[in-house]
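Source file protein31.json; content: JSON, C-alpha atoms.
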```json
[["chain", "number", "residue", "atom", "x", "y", "z"],
["H", 1, "MET", "CA", 0.00, 0.00, 0.00],
["H", 2, "ALA", "CA", 2.85, 2.36, 0.85],
["H", 3, "LEU", "CA", 4.38, 1.82, -2.59],
["H", 4, "ALA", "CA", 1.04, 2.42, -4.29],
["H", 5, "VAL", "CA", 0.59, 5.82, -2.68],
["H", 6, "ALA", "CA", 4.28, 6.82, -2.60],
["H", 7, "LYS", "CA", 4.05, 8.60, -5.94],
["H", 8, "LEU", "CA", 1.11, 10.72, -4.79],
["H", 9, "ALA", "CA", 1.73, 14.12, -3.26],
["H", 10, "ARG", "CA", 0.24, 14.46, 0.21],
["H", 11, "GLY", "CA", -3.32, 15.71, -0.08],
["H", 12, "SER", "CA", -3.63, 14.91, -3.78],
["H", 13, "LEU", "CA", -5.89, 11.86, -3.29],
["H", 14, "ILE", "CA", -9.43, 12.61, -2.19],
["H", 15, "SER", "CA", -12.31, 10.30, -1.38],
["H", 16, "SER", "CA", -14.90, 11.95, -3.62],
["H", 17, "SER", "CA", -14.85, 14.76, -6.19],
["H", 18, "GLU", "CA", -18.53, 15.48, -5.53],
["H", 19, "THR", "CA", -17.98, 15.81, -1.80],
["H", 20, "TRP", "CA", -14.95, 18.03, -2.32],
["H", 21, "LYS", "CA", -16.94, 20.37, -4.56],
["H", 22, "TYR", "CA", -19.87, 20.43, -2.12],
["H", 23, "VAL", "CA", -17.66, 21.28, 0.86],
["H", 24, "ARG", "CA", -15.13, 23.57, -0.83],
["H", 25, "GLY", "CA", -17.30, 25.04, -3.56],
["H", 26, "THR", "CA", -14.66, 24.46, -6.22],
["H", 27, "PRO", "CA", -13.61, 21.47, -8.32],
["H", 28, "SER", "CA", -10.78, 19.45, -6.84],
["H", 29, "THR", "CA", -7.32, 19.43, -8.31],
["H", 30, "GLY", "CA", -6.74, 16.01, -6.71],
["H", 31, "LYS", "CA", -7.55, 12.56, -7.95],
["H", 32, "ASP", "CA", -10.56, 10.85, -6.40],
["H", 33, "PHE", "CA", -10.26, 7.38, -4.89],
["H", 34, "ALA", "CA", -12.53, 5.67, -7.44],
["H", 35, "THR", "CA", -10.41, 6.90, -10.36],
["H", 36, "TRP", "CA", -7.11, 6.16, -8.61],
["H", 37, "SER", "CA", -8.12, 2.66, -7.47],
["H", 38, "ALA", "CA", -9.12, 1.64, -11.02],
["H", 39, "GLY", "CA", -5.45, 1.43, -12.07],
["H", 40, "THR", "CA", -3.90, -2.03, -12.43],
["H", 41, "ASN", "CA", -1.12, -1.45, -9.88],
["H", 42, "GLU", "CA", -3.53, 0.14, -7.45],
["H", 43, "LYS", "CA", -6.01, -2.76, -7.69],
["H", 44, "LYS", "CA", -3.21, -5.19, -6.87],
["H", 45, "ALA", "CA", -2.00, -3.04, -3.96],
["H", 46, "LEU", "CA", -5.50, -2.85, -2.50],
["H", 47, "LYS", "CA", -6.01, -6.61, -2.89],
["H", 48, "ASP", "CA", -2.65, -7.34, -1.23],
["H", 49, "PHE", "CA", -3.41, -4.89, 1.58],
["H", 50, "GLY", "CA", -6.79, -6.55, 2.16],
["H", 51, "ALA", "CA", -5.08, -9.94, 2.43],
["H", 52, "LEU", "CA", -2.67, -8.52, 5.01],
["H", 53, "LEU", "CA", -5.58, -7.22, 7.08],
["H", 54, "GLY", "CA", -6.99, -10.73, 7.15],
["H", 55, "SER", "CA", -9.57, -11.56, 9.77],
["H", 56, "ALA", "CA", -9.89, -11.94, 13.52],
["H", 57, "VAL", "CA", -9.31, -15.70, 13.14],
["H", 58, "SER", "CA", -6.49, -15.72, 10.53],
["H", 59, "LYS", "CA", -3.11, -15.92, 12.27],
["H", 60, "ASP", "CA", -0.37, -13.48, 11.24],
["H", 61, "THR", "CA", -2.81, -10.86, 10.00],
["H", 62, "TYR", "CA", -3.51, -7.39, 11.33],
["H", 63, "ARG", "CA", -7.02, -8.14, 12.56],
["H", 64, "TYR", "CA", -5.87, -11.31, 14.35],
["H", 65, "VAL", "CA", -3.16, -9.44, 16.26],
["H", 66, "VAL", "CA", -5.55, -6.63, 17.20],
["H", 67, "TRP", "CA", -8.25, -8.99, 18.42],
["H", 68, "GLN", "CA", -5.97, -11.40, 20.26],
["H", 69, "ASN", "CA", -4.51, -8.49, 22.22],
["H", 70, "TYR", "CA", -7.83, -6.74, 22.86],
["H", 71, "LEU", "CA", -6.62, -3.52, 21.22],
["H", 72, "HIS", "CA", -9.97, -2.80, 19.63],
["H", 73, "GLY", "CA", -11.89, -1.51, 22.63],
["H", 74, "TRP", "CA", -14.81, -3.92, 22.56],
["H", 75, "TRP", "CA", -15.50, -7.64, 22.86],
["H", 76, "ARG", "CA", -14.97, -10.00, 19.95],
["H", 77, "GLY", "CA", -17.88, -10.97, 17.78],
["H", 78, "THR", "CA", -18.79, -11.93, 14.26],
["H", 79, "VAL", "CA", -18.01, -9.04, 11.88],
["H", 80, "GLU", "CA", -17.15, -6.75, 14.79],
["H", 81, "ASP", "CA", -13.51, -6.75, 13.67],
["H", 82, "VAL", "CA", -14.59, -4.89, 10.53],
["H", 83, "HIS", "CA", -15.44, -1.87, 12.68],
["H", 84, "ASP", "CA", -11.79, -1.59, 13.67],
["H", 85, "LEU", "CA", -10.95, -0.69, 10.08],
["H", 86, "VAL", "CA", -13.66, 1.88, 9.43],
["H", 87, "ILE", "CA", -12.15, 5.28, 10.21],
["H", 88, "PRO", "CA", -15.46, 7.10, 10.85],
["H", 89, "GLU", "CA", -16.51, 4.42, 13.35],
["H", 90, "ILE", "CA", -13.23, 4.21, 15.24],
["H", 91, "GLY", "CA", -12.83, 7.98, 14.88],
["H", 92, "TRP", "CA", -16.02, 9.00, 16.62],
["H", 93, "GLU", "CA", -15.45, 6.44, 19.33],
["H", 94, "TYR", "CA", -11.76, 7.04, 20.04],
["H", 95, "LEU", "CA", -10.21, 10.00, 18.23],
["H", 96, "THR", "CA", -12.45, 12.61, 19.83],
["H", 97, "TYR", "CA", -11.02, 12.05, 23.31]]
```
This structure in structure tokens:
Amino acid sequence: MALAVAKLARGSLISSSETWKYVRGTPSTGKDFATWSAGTNEKKALKDFGALLGSAVSKDTYRYVVWQNYLHGWWRGTVEDVHDLVIPEIGWEYLTY
């Protein structure tokens, strides 16, 4: 993932052109995620990154380490580990403190 975004200038990748225009009132000069992620190298990077994230039951993956060490902030449960990777969810629960 680091290699896939290394060639991008900080702040040049945005999540949505429509949202940018709505919030800022001007068209973005950055590339939106949907356009960026359509590239062959980017698709592979995202797939590889997803494999590294793994699951709460797949040893040697990010989610497994987080859940085995109770770093997530709540009890284990089916699909609960997905919440650990959703920035808005973890953000409102943890980053505001």
Excluding same-chain residues fewer than 3 positions from H:Phe33, what lies within 9 Å of it counting only C-alpha atoms, as a PyMOL selection string? chain H and resi 13-17+36-38
Å distance separating atom CA of H:Gly54 from atom CA of H:Val5, one decimal place: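 Separating atom CA of H:Gly54 from atom CA of H:Val5 is a distance of 20.7 Å.
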Between atom CA of H:Glu18 and atom CA of H:Lys47, what is the distance in Å, rounded to a tenth?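 According to the coordinates, atom CA of H:Glu18 and atom CA of H:Lys47 are separated by 25.5 Å.
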Go ahead and compute the interatomic distance for atom CA of H:Asn41 and atom CA of H:Thr61, in Å to one decimal.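 Distance between the two atoms: 22.1 Å.
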Shell around H:Leu8 at 10 Å using only C-alpha atoms, local window under 4 positions removed, as an mmCIF file with C-alpha atoms, in the coordinates of the input:
```cif
data_model
loop_
_atom_site.group_PDB
_atom_site.id
_atom_site.type_symbol
_atom_site.label_atom_id
_atom_site.label_comp_id
_atom_site.auth_asym_id
_atom_site.auth_seq_id
_atom_site.Cartn_x
_atom_site.Cartn_y
_atom_site.Cartn_z
ATOM 1 C CA LEU H 3 4.380 1.820 -2.590
ATOM 2 C CA ALA H 4 1.040 2.420 -4.290
ATOM 3 C CA SER H 12 -3.630 14.910 -3.780
ATOM 4 C CA LEU H 13 -5.890 11.860 -3.290
ATOM 5 C CA GLY H 30 -6.740 16.010 -6.710
ATOM 6 C CA LYS H 31 -7.550 12.560 -7.950
#
```
